[in-house]
$ cat coords36.txt   # compact mmCIF, C-alpha atoms
# COMPACT_ATOMS: atom_id res chain seq x y z
CA MET X 1 2.55 1.15 3.85
CA HIS X 2 2.45 -2.32 2.32
CA ILE X 3 5.78 -3.81 3.35
CA ALA X 4 7.34 -5.96 0.65
CA ASP X 5 8.83 -9.41 1.25
CA GLY X 6 12.46 -9.64 2.29
CA ILE X 7 12.53 -6.65 4.61
CA ILE X 8 11.21 -8.12 7.86
CA ASP X 9 12.79 -11.27 9.30
CA THR X 10 11.00 -14.44 8.18
CA ARG X 11 10.45 -15.73 11.75
CA ILE X 12 8.75 -12.47 12.71
CA CYS X 13 6.59 -12.69 9.57
CA ILE X 14 5.48 -16.23 10.45
CA ALA X 15 4.73 -15.20 14.04
CA ALA X 16 2.72 -12.22 12.74
CA HIS X 17 0.77 -14.58 10.47
CA ALA X 18 -0.09 -16.78 13.44
CA VAL X 19 -1.21 -13.80 15.54
CA SER X 20 -3.23 -12.44 12.60
CA LEU X 21 -5.06 -15.73 12.08
CA GLY X 22 -5.85 -15.85 15.81
CA LEU X 23 -7.19 -12.30 15.67
CA ILE X 24 -9.29 -13.12 12.60
CA TYR X 25 -10.90 -15.95 14.54
CA LEU X 26 -11.49 -13.81 17.63
CA THR X 27 -12.83 -10.78 15.80
CA GLY X 28 -14.67 -12.57 13.02
CA ARG X 29 -16.53 -15.32 14.87
CA ARG X 30 -20.26 -15.19 15.52
CA SER X 31 -20.81 -12.60 12.82
CA GLU X 32 -24.45 -11.97 12.00
CA PRO X 33 -25.67 -12.36 8.40
CA GLU X 34 -26.62 -8.67 8.35
CA GLU X 35 -22.98 -7.70 8.96
CA ILE X 36 -21.59 -9.64 6.01
CA PRO X 37 -22.72 -7.37 3.13
CA ARG X 38 -21.35 -4.41 5.05
CA MET X 39 -18.02 -6.19 5.43
CA GLY X 40 -17.98 -7.02 1.72
CA ILE X 41 -18.72 -3.49 0.57
CA THR X 42 -16.23 -1.94 3.00
CA GLY X 43 -13.64 -4.49 1.87
CA ALA X 44 -14.27 -3.59 -1.77
CA ALA X 45 -13.86 0.12 -0.95
CA LEU X 46 -10.59 -0.55 0.89
CA PHE X 47 -9.37 -2.72 -1.97
CA VAL X 48 -9.88 0.02 -4.56
CA ILE X 49 -8.92 3.03 -2.46
CA SER X 50 -5.53 1.54 -1.50
CA LEU X 51 -4.62 1.40 -5.18
CA ILE X 52 -4.89 5.15 -5.62
CA HIS X 53 -1.31 6.19 -5.94
CA ILE X 54 -0.13 9.60 -4.77
CA PRO X 55 3.51 10.41 -5.55
CA PHE X 56 5.01 12.29 -2.63
CA ALA X 57 8.56 13.06 -1.44
CA GLY X 58 10.17 10.56 -3.79
CA THR X 59 7.95 7.71 -2.70
CA SER X 60 4.33 6.71 -3.17
CA ILE X 61 1.58 6.90 -0.59
CA HIS X 62 -2.05 5.90 -0.80
CA PRO X 63 -5.23 6.30 1.20
CA GLY X 64 -6.17 3.32 3.35
CA LEU X 65 -9.39 4.26 5.17
CA PHE X 66 -8.52 1.99 8.08
CA GLY X 67 -10.07 4.47 10.50
CA LEU X 68 -13.29 4.50 8.53
CA ALA X 69 -13.25 0.69 8.37
CA GLY X 70 -13.01 0.66 12.19
CA ILE X 71 -15.94 3.07 12.48
CA ILE X 72 -18.17 1.09 10.11
CA LEU X 73 -17.19 -2.47 11.03
CA GLY X 74 -15.95 -2.27 14.60
CA LYS X 75 -13.78 -5.24 15.54
CA ARG X 76 -14.71 -7.04 12.29
CA ALA X 77 -12.44 -4.56 10.47
CA PHE X 78 -9.38 -6.71 11.12
CA ALA X 79 -10.61 -9.73 9.16
CA VAL X 80 -11.65 -7.46 6.28
CA ILE X 81 -8.26 -5.70 6.22
CA TYR X 82 -6.47 -9.07 6.19
CA ALA X 83 -8.62 -10.32 3.29
CA VAL X 84 -8.11 -7.10 1.31
CA LEU X 85 -4.33 -7.27 1.79
CA LEU X 86 -4.36 -10.90 0.67
CA PHE X 87 -6.16 -10.00 -2.57
CA GLN X 88 -3.88 -7.01 -3.20
CA SER X 89 -0.84 -9.16 -2.68
CA PHE X 90 -2.08 -11.85 -5.08
CA ILE X 91 -3.46 -9.58 -7.78
CA PHE X 92 -1.15 -6.57 -7.70
CA GLN X 93 1.94 -7.90 -5.86
CA HIS X 94 1.21 -4.96 -3.59
CA GLY X 95 2.91 -5.95 -0.33
CA GLY X 96 4.38 -9.40 0.15
CA LEU X 97 2.60 -12.63 0.98
CA LEU X 98 5.15 -13.38 3.68
CA THR X 99 4.70 -9.94 5.24
CA LEU X 100 0.92 -10.17 5.00
CA GLY X 101 0.59 -10.84 8.73
CA VAL X 102 2.83 -7.89 9.64
CA ASN X 103 0.97 -5.58 7.27
CA ALA X 104 -2.40 -6.74 8.58
CA LEU X 105 -1.34 -6.18 12.20
CA ASN X 106 0.00 -2.70 11.39
CA MET X 107 -3.11 -1.58 9.55
CA GLY X 108 -5.46 -3.46 11.85
CA ALA X 109 -3.97 -1.56 14.80
CA GLY X 110 -5.07 1.67 13.13
CA ALA X 111 -8.59 0.32 12.73
CA PHE X 112 -8.70 -0.90 16.35
CA PHE X 113 -7.68 2.52 17.58
CA ALA X 114 -10.44 4.04 15.47
CA VAL X 115 -12.94 1.66 17.12
CA LEU X 116 -11.79 2.80 20.56
CA VAL X 117 -12.04 6.46 19.61
CA TRP X 118 -15.44 6.01 17.98
CA LYS X 119 -16.81 4.41 21.15
CA GLN X 120 -16.11 7.57 23.19
CA LYS X 121 -19.69 8.75 22.81
CA TYR X 122 -19.25 11.75 25.07
CA TRP X 123 -16.82 13.35 22.57
CA PRO X 124 -18.25 15.39 19.69
CA GLU X 125 -18.80 13.23 16.64
CA PHE X 126 -16.72 15.35 14.29
CA ALA X 127 -13.72 15.12 16.67
CA ARG X 128 -14.06 11.35 16.91
CA ALA X 129 -14.25 11.00 13.12
CA LEU X 130 -11.24 13.26 12.57
CA LEU X 131 -9.15 11.51 15.20
CA ALA X 132 -10.15 8.03 14.00
CA GLY X 133 -9.21 8.88 10.40
CA PHE X 134 -5.97 10.57 11.48
CA MET X 135 -4.75 7.81 13.76
CA GLY X 136 -5.95 5.17 11.34
CA VAL X 137 -3.03 6.22 9.14
CA LEU X 138 -0.51 7.39 11.71
CA ILE X 139 -0.53 4.26 13.88
CA PRO X 140 0.20 1.86 11.00
CA ALA X 141 2.89 4.25 9.73
CA PHE X 142 4.47 4.45 13.19
CA LEU X 143 4.45 0.67 13.63
CA MET X 144 5.96 0.24 10.16
CA ALA X 145 8.67 2.81 10.93
CA VAL X 146 9.52 1.09 14.24
CA GLU X 147 9.72 -2.30 12.49
CA PHE X 148 12.06 -0.80 9.89
CA LYS X 149 14.18 0.71 12.65
CA LEU X 150 14.42 -2.62 14.48
CA THR X 151 15.47 -4.42 11.30
CA GLY X 152 17.94 -1.67 10.38
CA TYR X 153 16.14 -0.85 7.16
CA GLY X 154 14.82 2.30 5.57
CA LYS X 155 15.08 6.02 5.80
CA GLY X 156 14.27 6.45 9.48
CA ILE X 157 11.24 6.99 11.68
CA PHE X 158 11.22 10.78 11.28
CA LEU X 159 11.08 10.75 7.47
CA ILE X 160 8.44 8.03 7.33
CA MET X 161 6.24 9.80 9.87
CA SER X 162 6.66 13.13 8.05
CA VAL X 163 5.49 11.57 4.80
CA TYR X 164 2.47 9.88 6.34
CA LEU X 165 1.51 12.91 8.45
CA LEU X 166 0.14 14.60 5.35
CA ALA X 167 -1.73 11.44 4.37
CA ALA X 168 -3.19 11.28 7.89
CA PHE X 169 -4.50 14.85 7.66
CA ALA X 170 -6.09 14.17 4.28
CA GLU X 171 -7.61 10.93 5.45
CA SER X 172 -9.06 12.48 8.60
CA LEU X 173 -10.96 14.94 6.40
CA VAL X 174 -12.17 12.14 4.12
CA THR X 175 -13.31 10.14 7.15
CA LEU X 176 -15.17 13.14 8.55
CA THR X 177 -16.87 13.76 5.19
CA VAL X 178 -17.98 10.14 4.84
CA VAL X 179 -19.22 10.00 8.45
CA LYS X 180 -21.23 13.19 7.94
CA PHE X 181 -22.62 11.77 4.71
CA PHE X 182 -23.68 8.52 6.36
CA ARG X 183 -25.16 10.42 9.31
CA LYS X 184 -27.30 12.30 6.81
CA VAL X 185 -28.42 9.50 4.49
CA LYS X 186 -28.18 6.25 6.47
CA SER X 187 -27.29 6.82 10.07
CA ASP X 188 -27.37 3.19 11.24
CA ILE X 189 -24.26 2.31 9.17
CA ILE X 190 -22.02 4.15 11.61
CA ASN X 191 -23.89 3.47 14.84
CA MET D 1 -32.11 8.55 0.52
CA LYS D 2 -31.17 5.21 -1.03
CA LYS D 3 -30.79 6.94 -4.38
CA GLN D 4 -28.32 9.39 -2.85
CA LEU D 5 -26.33 6.53 -1.36
CA PHE D 6 -26.28 4.70 -4.69
CA LEU D 7 -25.14 7.80 -6.58
CA PHE D 8 -22.40 8.39 -4.01
CA ALA D 9 -21.16 4.82 -4.45
CA ILE D 10 -21.15 5.16 -8.25
CA PHE D 11 -19.28 8.48 -7.96
CA CYS D 12 -16.63 6.93 -5.70
CA VAL D 13 -16.09 3.93 -7.97
CA MET D 14 -15.87 6.05 -11.13
CA ASN D 15 -13.36 8.41 -9.51
CA ALA D 16 -11.32 5.58 -8.16
CA PHE D 17 -11.06 3.89 -11.55
CA SER D 18 -9.98 7.12 -13.19
CA ILE D 19 -7.01 7.74 -10.89
CA VAL D 20 -6.03 4.27 -9.83
CA SER D 21 -2.59 3.17 -10.96
CA ALA D 22 -1.54 0.04 -9.03
CA HIS D 23 0.67 1.44 -6.33
CA GLY D 24 4.02 -0.33 -6.42
CA ILE D 25 7.37 -0.26 -8.16
CA HIS D 26 7.49 -0.96 -11.90
CA ILE D 27 10.61 -1.40 -13.99
CA ASP D 28 11.07 -1.04 -17.74
CA TYR D 29 14.44 -1.84 -19.25
CA SER D 30 16.13 -1.52 -22.59
CA PHE D 31 19.38 -3.08 -23.75
CA ASN D 32 21.64 -1.10 -26.05
CA TYR D 33 25.00 -2.84 -26.08
CA PRO D 34 26.84 -2.60 -23.77
CA VAL D 35 24.46 -0.69 -21.51
CA VAL D 36 21.28 -1.84 -19.82
CA SER D 37 19.04 1.16 -19.07
CA LEU D 38 16.45 0.86 -16.36
CA GLU D 39 13.42 3.12 -16.09
CA ILE D 40 11.93 2.79 -12.62
CA TYR D 41 8.63 4.35 -11.62
CA PHE D 42 5.54 4.12 -9.46
CA SER D 43 3.32 5.06 -12.33
CA LYS D 44 4.13 6.35 -15.80
CA THR D 45 4.01 9.91 -14.50
CA SER D 46 5.92 9.34 -11.30
CA PRO D 47 9.57 8.28 -11.54
CA LEU D 48 11.12 6.67 -8.49
CA VAL D 49 13.76 9.21 -7.51
CA ASN D 50 16.87 8.45 -5.43
CA ALA D 51 15.94 4.82 -4.85
CA GLY D 52 18.62 2.25 -4.13
CA VAL D 53 19.46 -0.14 -7.01
CA GLU D 54 21.60 -3.25 -6.65
CA VAL D 55 22.67 -5.43 -9.58
CA PHE D 56 23.83 -8.98 -8.94
CA SER D 57 26.06 -10.95 -11.27
CA PRO D 58 24.63 -14.11 -12.87
CA HIS D 59 27.82 -16.12 -12.32
CA SER D 60 28.72 -15.58 -8.69
CA GLY D 61 25.50 -14.04 -7.46
CA GLU D 62 27.61 -11.32 -5.86
CA LEU D 63 26.89 -7.63 -5.97
CA PHE D 64 28.09 -6.32 -9.34
CA VAL D 65 27.15 -2.67 -9.03
CA SER D 66 24.95 -0.52 -6.82
CA GLY D 67 23.75 3.05 -6.88
CA LYS D 68 20.74 5.34 -6.84
CA THR D 69 18.21 6.30 -9.48
CA ASP D 70 18.48 9.81 -10.90
CA LYS D 71 15.79 12.50 -10.88
CA ASN D 72 14.04 10.77 -13.78
CA GLY D 73 14.07 7.37 -12.10
CA ASN D 74 16.75 6.05 -14.47
CA PHE D 75 19.71 3.80 -13.77
CA GLU D 76 22.24 2.23 -16.13
CA PHE D 77 24.77 -0.55 -15.85
CA SER D 78 27.04 -2.43 -18.24
CA PRO D 79 26.90 -6.20 -17.83
CA ASP D 80 30.21 -7.95 -18.46
CA GLY D 81 28.70 -11.11 -19.90
CA PRO D 82 25.58 -13.07 -20.72
CA GLY D 83 23.26 -14.61 -18.15
CA ASP D 84 20.45 -13.78 -15.78
CA TRP D 85 21.23 -10.48 -14.09
CA THR D 86 19.25 -9.78 -10.94
CA VAL D 87 18.21 -6.20 -10.27
CA LYS D 88 16.84 -5.17 -6.87
CA VAL D 89 15.20 -1.77 -6.37
CA ASP D 90 14.32 -0.41 -2.95
CA ASP D 91 13.00 3.05 -2.04
CA GLY D 92 13.72 2.68 1.69
CA MET D 93 10.02 3.11 2.52
CA GLY D 94 9.01 -0.53 2.31
CA HIS D 95 8.61 -0.70 -1.46
CA ARG D 96 10.88 -3.22 -3.09
CA LYS D 97 11.09 -4.89 -6.50
CA LYS D 98 13.25 -7.67 -7.90
CA LEU D 99 13.70 -8.22 -11.61
CA VAL D 100 15.76 -10.76 -13.54
CA ILE D 101 17.12 -9.53 -16.87
CA THR D 102 18.37 -12.17 -19.28
CA ILE D 103 21.29 -11.01 -21.41
CA GLU D 104 22.08 -13.14 -24.46
CA ASP D 105 25.64 -13.83 -25.58
CA LEU D 106 26.68 -10.29 -26.47
CA LYS D 107 29.77 -11.06 -28.54
CA ASP D 108 27.99 -13.54 -30.80
CA GLN D 109 25.09 -11.18 -31.25
CA LEU D 110 27.37 -8.24 -32.04
CA ALA D 111 29.58 -10.26 -34.40
CA SER D 112 26.62 -11.52 -36.39
CA GLU D 113 25.18 -8.01 -36.70
CA GLN D 114 28.51 -6.56 -37.80
CA GLY D 115 28.97 -9.41 -40.26
CA GLN D 116 25.59 -8.70 -41.78
CA ALA D 117 26.39 -4.99 -42.01
CA ASP D 118 29.74 -5.67 -43.72
CA GLU D 119 28.18 -8.08 -46.21
CA SER D 120 25.59 -5.53 -47.20
CA GLY D 121 28.33 -2.90 -47.61
CA GLN D 122 27.00 -0.69 -44.85
CA HIS D 123 29.26 0.82 -42.25
CA SER D 124 28.55 -0.09 -38.70
CA HIS D 125 28.91 3.15 -36.77
CA ASP D 126 29.30 1.85 -33.26
CA HIS D 127 28.37 -1.01 -31.04
CA ALA D 128 24.77 0.03 -30.83
CA LEU D 129 22.35 -2.76 -31.53
CA VAL D 130 18.72 -1.94 -32.03
CA PRO D 131 17.42 -1.04 -28.56
CA ASP D 132 15.50 -3.89 -27.08
CA HIS D 133 12.80 -2.48 -24.83
CA HIS D 134 10.99 -4.63 -22.33
CA HIS D 135 8.50 -4.25 -19.56
CA GLU D 136 9.23 -6.03 -16.33
CA ASN D 137 7.04 -8.99 -17.19
CA GLY D 138 9.21 -9.69 -20.20
CA PRO D 139 8.59 -9.93 -23.92
CA GLY D 140 5.75 -12.12 -25.10
CA GLU D 141 3.97 -12.08 -21.76
CA CYS D 142 0.74 -10.17 -21.62
CA GLN D 143 0.23 -7.39 -19.12
CA ILE D 144 -3.29 -7.36 -17.73
CA PRO D 145 -4.65 -3.79 -17.47
CA VAL D 146 -5.17 -2.50 -13.92
CA PHE D 147 -8.86 -1.96 -14.64
CA TYR D 148 -9.41 -5.70 -15.26
CA LYS D 149 -7.39 -6.62 -12.21
CA ILE D 150 -9.58 -4.35 -10.09
CA LEU D 151 -12.72 -5.85 -11.58
CA PHE D 152 -11.38 -9.32 -10.88
CA GLY D 153 -10.56 -8.42 -7.27
CA LEU D 154 -13.98 -6.85 -6.69
CA SER D 155 -15.69 -9.86 -8.25
CA VAL D 156 -13.87 -12.21 -5.90
CA ILE D 157 -14.64 -10.04 -2.86
CA PHE D 158 -18.35 -9.79 -3.70
CA GLY D 159 -18.47 -13.47 -4.66
CA VAL D 160 -16.95 -14.60 -1.37
CA THR D 161 -19.21 -12.23 0.55
CA GLY D 162 -22.28 -13.53 -1.27
CA ILE D 163 -21.44 -17.18 -0.61
CA TRP D 164 -20.67 -16.46 3.06
CA TYR D 165 -23.91 -14.52 3.43
CA GLY D 166 -25.87 -17.33 1.80
CA LEU D 167 -24.38 -19.94 4.14
CA LYS D 168 -25.00 -17.80 7.23
CA ALA D 169 -28.54 -16.94 6.20
CA ARG D 170 -29.33 -20.63 5.58
CA LYS D 171 -28.04 -21.55 9.07
CA LYS D 172 -30.27 -18.88 10.59

$ encode --input "coords36.txt" --output "structure tokens"
Amino acid sequence: MHIADGIIDTRICIAAHAVSLGLIYLTGRRSEPEEIPRMGITGAALFVISLIHIPFAGTSIHPGLFGLAGIILGKRAFAVIYAVLLFQSFIFQHGGLLTLGVNALNMGAGAFFAVLVWKQKYWPEFARALLAGFMGVLIPAFLMAVEFKLTGYGKGIFLIMSVYLLAAFAESLVTLTVVKFFRKVKSDIIN
Amino acid sequence: MKKQLFLFAIFCVMNAFSIVSAHGIHIDYSFNYPVVSLEIYFSKTSPLVNAGVEVFSPHSGELFVSGKTDKNGNFEFSPDGPGDWTVKVDDGMGHRKKLVITIEDLKDQLASEQGQADESGQHSHDHALVPDHHHENGPGECQIPVFYKILFGLSVIFGVTGIWYGLKARKK
């Protein structure tokens, strides 16, 4: 899901960087001191979990927990995802620096959707957690597949979505488990 | 309750460290005249199957040969001269890797080896030089273990968070 450099057109990458920086300002400003440790710990979890490599269908997929990040951090998730991608790009060459903005927008969209779902308080909590985790993977994968299609690259939307569908199912279950755990031991983290 | 949370965090971190393997394409190559063999993988246990490989000539920069990796993630090509050969690997799913392989002057190297073999009275069976096996970061360069990279990343994240928290708390 981390798009490497050289695939997306440079002008689009620069535009995506500009949009990302604007979104970081909008979603990150006026953060309270109490929120910052939560952002740091969630960022650390995202940083490590994205490095877990699962070989599948001739490629490699990994958990992202963007849905869970949206549930825990709300709109602040975007700035955290951007920072995590920046570190991964520098330290592991995992995703390109030029495509950082595109990657952040793709994965941030998954987290934003999770925020929207999580706010639907009249839905059962388990359904919200499952849907947030599921779409937290599927939306970034769909956006990535569409970008590949538009640039004439890759193996096609259908194959990409098929590969990430399994990851989305797995991640929805992980998200539900973590939400249930937090509800039991420290409920205010996910409120 | 806090103890449970702490234990859960420790459990997650320990599990993550045990199965983490820096997601991304890695290339090992060996040179056994006249063939360069590439071993392409996501991790040591997961070869990159059916991925596109393009090799570019050092002289013209034009495409020299292209193809796909086999079921073991291997690909071979025979360079026609010395220079910096550029290899590009792409799995079509957004993962891409570029590697430059420097090939020394093959004829000189071969001639000197054959000369040495003749002088010592040994018969040189074929063109095979001793296989020269390299990781993608090249000989002589150190490869930092993933574990240390993760620790470094986490240290930076927690460091930045701590400084930011300190500044915010002071303002309050």

$ closest_residue --input "coords36.txt" --among "X:Leu46, X:Leu23, X:Val178, X:Val137" --to "Leu166 (chain X)" --atoms "all atoms listed in the file"
X:Val137

$ residues_around --input "coords36.txt" --residues "Ala104 (chain X)" --least-positions-apart "6" --cutoff "9 Å" --atoms "all atoms listed in the file" --output "number ranges by chain"
X: 16-17, 20, 78-79, 81-83, 85

$ closest_residue --input "coords36.txt" --among "D:Tyr165, D:Phe56, D:Phe64, D:Phe77" --to "chain X" --atoms "only C-alpha atoms"
D:Tyr165

$ closest_residue --input "coords36.txt" --among "D:Ile103, D:Val156, D:Val36, D:Val55" --to "Val89 (chain D)" --atoms "only C-alpha atoms"
D:Val55

$ closest_atom_pairs --input "coords36.txt" --of "chain X" --to "chain D" --cutoff "8 Å" --atoms "all atoms listed in the file" --output "JSON lines"
{"residue": "X:Met1", "atom": "CA", "partner": "D:Gly94", "partner_atom": "CA", "distance": 6.9}
{"residue": "X:His2", "atom": "CA", "partner": "D:Gly94", "partner_atom": "CA", "distance": 6.8}
{"residue": "X:Ile3", "atom": "CA", "partner": "D:Gly94", "partner_atom": "CA", "distance": 4.7}
{"residue": "X:Ala4", "atom": "CA", "partner": "D:His95", "partner_atom": "CA", "distance": 5.8}
{"residue": "X:Asp5", "atom": "CA", "partner": "D:Arg96", "partner_atom": "CA", "distance": 7.8}
{"residue": "X:Ile7", "atom": "CA", "partner": "D:Gly94", "partner_atom": "CA", "distance": 7.4}
{"residue": "X:Glu32", "atom": "CA", "partner": "D:Lys168", "partner_atom": "CA", "distance": 7.6}
{"residue": "X:Pro33", "atom": "CA", "partner": "D:Lys168", "partner_atom": "CA", "distance": 5.6}
{"residue": "X:Ile36", "atom": "CA", "partner": "D:Tyr165", "partner_atom": "CA", "distance": 6.0}
{"residue": "X:Pro37", "atom": "CA", "partner": "D:Thr161", "partner_atom": "CA", "distance": 6.5}
{"residue": "X:Met39", "atom": "CA", "partner": "D:Thr161", "partner_atom": "CA", "distance": 7.9}
{"residue": "X:Gly40", "atom": "CA", "partner": "D:Thr161", "partner_atom": "CA", "distance": 5.5}
{"residue": "X:Ile41", "atom": "CA", "partner": "D:Phe158", "partner_atom": "CA", "distance": 7.6}
{"residue": "X:Gly43", "atom": "CA", "partner": "D:Ile157", "partner_atom": "CA", "distance": 7.4}
{"residue": "X:Ala44", "atom": "CA", "partner": "D:Leu154", "partner_atom": "CA", "distance": 5.9}
{"residue": "X:Phe47", "atom": "CA", "partner": "D:Leu154", "partner_atom": "CA", "distance": 7.8}
{"residue": "X:Val48", "atom": "CA", "partner": "D:Ala16", "partner_atom": "CA", "distance": 6.8}
{"residue": "X:Ile49", "atom": "CA", "partner": "D:Ala16", "partner_atom": "CA", "distance": 6.7}
{"residue": "X:Ser50", "atom": "CA", "partner": "D:His23", "partner_atom": "CA", "distance": 7.9}
{"residue": "X:Leu51", "atom": "CA", "partner": "D:Ala22", "partner_atom": "CA", "distance": 5.1}
{"residue": "X:Ile52", "atom": "CA", "partner": "D:Val20", "partner_atom": "CA", "distance": 4.4}
{"residue": "X:His53", "atom": "CA", "partner": "D:His23", "partner_atom": "CA", "distance": 5.2}
{"residue": "X:Pro55", "atom": "CA", "partner": "D:Ser46", "partner_atom": "CA", "distance": 6.3}
{"residue": "X:Gly58", "atom": "CA", "partner": "D:Val49", "partner_atom": "CA", "distance": 5.3}
{"residue": "X:Thr59", "atom": "CA", "partner": "D:Leu48", "partner_atom": "CA", "distance": 6.7}
{"residue": "X:Ser60", "atom": "CA", "partner": "D:Phe42", "partner_atom": "CA", "distance": 6.9}
{"residue": "X:Ile61", "atom": "CA", "partner": "D:His23", "partner_atom": "CA", "distance": 8.0}
{"residue": "X:His62", "atom": "CA", "partner": "D:His23", "partner_atom": "CA", "distance": 7.6}
{"residue": "X:Phe87", "atom": "CA", "partner": "D:Gly153", "partner_atom": "CA", "distance": 6.6}
{"residue": "X:Gln88", "atom": "CA", "partner": "D:Gly153", "partner_atom": "CA", "distance": 7.9}
{"residue": "X:Ile91", "atom": "CA", "partner": "D:Lys149", "partner_atom": "CA", "distance": 6.6}
{"residue": "X:Phe92", "atom": "CA", "partner": "D:Ala22", "partner_atom": "CA", "distance": 6.8}
{"residue": "X:Gln93", "atom": "CA", "partner": "D:Gly24", "partner_atom": "CA", "distance": 7.9}
{"residue": "X:His94", "atom": "CA", "partner": "D:Gly24", "partner_atom": "CA", "distance": 6.1}
{"residue": "X:Gly95", "atom": "CA", "partner": "D:His95", "partner_atom": "CA", "distance": 7.8}
{"residue": "X:Tyr153", "atom": "CA", "partner": "D:Gly92", "partner_atom": "CA", "distance": 6.9}
{"residue": "X:Gly154", "atom": "CA", "partner": "D:Gly92", "partner_atom": "CA", "distance": 4.1}
{"residue": "X:Lys155", "atom": "CA", "partner": "D:Gly92", "partner_atom": "CA", "distance": 5.5}
{"residue": "X:Ile160", "atom": "CA", "partner": "D:Met93", "partner_atom": "CA", "distance": 7.1}
{"residue": "X:Val185", "atom": "CA", "partner": "D:Met1", "partner_atom": "CA", "distance": 5.5}
{"residue": "X:Lys186", "atom": "CA", "partner": "D:Met1", "partner_atom": "CA", "distance": 7.5}

$ atom_distance --input "coords36.txt" --atom1 "CA of Ala18 (chain X)" --atom2 "CA of Gly101 (chain X)"
7.6 Å

$ residues_around --input "coords36.txt" --residues "Val19 (chain X)" --least-positions-apart "5" --cutoff "9 Å" --atoms "only C-alpha atoms" --output "VMD selection string"
chain X and resid 14 24 101 105

$ residues_around --input "coords36.txt" --residues "Leu65 (chain X)" --least-positions-apart "2" --cutoff "8 Å" --atoms "all atoms listed in the file" --output "mmCIF file with C-alpha atoms, keeping the file's coordinate frame"
data_model
loop_
_atom_site.group_PDB
_atom_site.id
_atom_site.type_symbol
_atom_site.label_atom_id
_atom_site.label_comp_id
_atom_site.auth_asym_id
_atom_site.auth_seq_id
_atom_site.Cartn_x
_atom_site.Cartn_y
_atom_site.Cartn_z
ATOM 1 C CA LEU X 46 -10.590 -0.550 0.890
ATOM 2 C CA ILE X 49 -8.920 3.030 -2.460
ATOM 3 C CA PRO X 63 -5.230 6.300 1.200
ATOM 4 C CA GLY X 67 -10.070 4.470 10.500
ATOM 5 C CA LEU X 68 -13.290 4.500 8.530
ATOM 6 C CA ALA X 69 -13.250 0.690 8.370
ATOM 7 C CA GLY X 133 -9.210 8.880 10.400
ATOM 8 C CA GLY X 136 -5.950 5.170 11.340
ATOM 9 C CA VAL X 137 -3.030 6.220 9.140
ATOM 10 C CA GLU X 171 -7.610 10.930 5.450
ATOM 11 C CA THR X 175 -13.310 10.140 7.150
#

$ axis_aligned_box --input "coords36.txt" --around "region 29-44 of chain D" --padding-each-side "6 Å" --output "JSON"
{"center_x": 15.1, "center_y": 1.6, "center_z": -17.8, "size_x": 35.5, "size_y": 21.4, "size_z": 28.6}

$ atom_distance --input "coords36.txt" --atom1 "CA of Leu116 (chain X)" --atom2 "CA of Ser31 (chain X)"
19.5 Å

$ residues_around --input "coords36.txt" --residues "Met135 (chain X)" --least-positions-apart "2" --cutoff "10 Å" --atoms "only C-alpha atoms" --output "compact mmCIF listing (two decimals) with C-alpha atoms, keeping the file's coordinate frame"
# COMPACT_ATOMS: atom_id res chain seq x y z
CA PHE X 66 -8.52 1.99 8.08
CA GLY X 67 -10.07 4.47 10.50
CA ALA X 109 -3.97 -1.56 14.80
CA GLY X 110 -5.07 1.67 13.13
CA ALA X 111 -8.59 0.32 12.73
CA PHE X 112 -8.70 -0.90 16.35
CA PHE X 113 -7.68 2.52 17.58
CA ALA X 114 -10.44 4.04 15.47
CA VAL X 117 -12.04 6.46 19.61
CA LEU X 130 -11.24 13.26 12.57
CA LEU X 131 -9.15 11.51 15.20
CA ALA X 132 -10.15 8.03 14.00
CA GLY X 133 -9.21 8.88 10.40
CA VAL X 137 -3.03 6.22 9.14
CA LEU X 138 -0.51 7.39 11.71
CA ILE X 139 -0.53 4.26 13.88
CA PRO X 140 0.20 1.86 11.00
CA ALA X 141 2.89 4.25 9.73
CA PHE X 142 4.47 4.45 13.19
CA LEU X 165 1.51 12.91 8.45
CA ALA X 168 -3.19 11.28 7.89
CA PHE X 169 -4.50 14.85 7.66
CA GLU X 171 -7.61 10.93 5.45
CA SER X 172 -9.06 12.48 8.60

$ build_atoms --input "coords36.txt" --residues "region 185-189 of chain X" --atoms "N, CA, C and O atoms" --output "JSON list (two decimals), in the frame of the given file"
[["chain", "number", "residue", "atom", "x", "y", "z"],
["X", 185, "VAL", "N", -27.61, 10.35, 5.36],
["X", 185, "VAL", "CA", -28.42, 9.50, 4.49],
["X", 185, "VAL", "C", -28.77, 8.14, 5.09],
["X", 185, "VAL", "O", -29.81, 7.56, 4.77],
["X", 186, "LYS", "N", -27.90, 7.57, 5.90],
["X", 186, "LYS", "CA", -28.18, 6.25, 6.47],
["X", 186, "LYS", "C", -27.40, 6.11, 7.78],
["X", 186, "LYS", "O", -26.32, 5.49, 7.83],
["X", 187, "SER", "N", -27.98, 6.64, 8.81],
["X", 187, "SER", "CA", -27.29, 6.82, 10.07],
["X", 187, "SER", "C", -26.88, 5.50, 10.74],
["X", 187, "SER", "O", -25.84, 5.44, 11.42],
["X", 188, "ASP", "N", -27.66, 4.43, 10.51],
["X", 188, "ASP", "CA", -27.37, 3.19, 11.24],
["X", 188, "ASP", "C", -26.08, 2.51, 10.78],
["X", 188, "ASP", "O", -25.56, 1.64, 11.47],
["X", 189, "ILE", "N", -25.53, 2.91, 9.63],
["X", 189, "ILE", "CA", -24.26, 2.31, 9.17],
["X", 189, "ILE", "C", -23.13, 2.60, 10.15],
["X", 189, "ILE", "O", -22.26, 1.75, 10.36]]
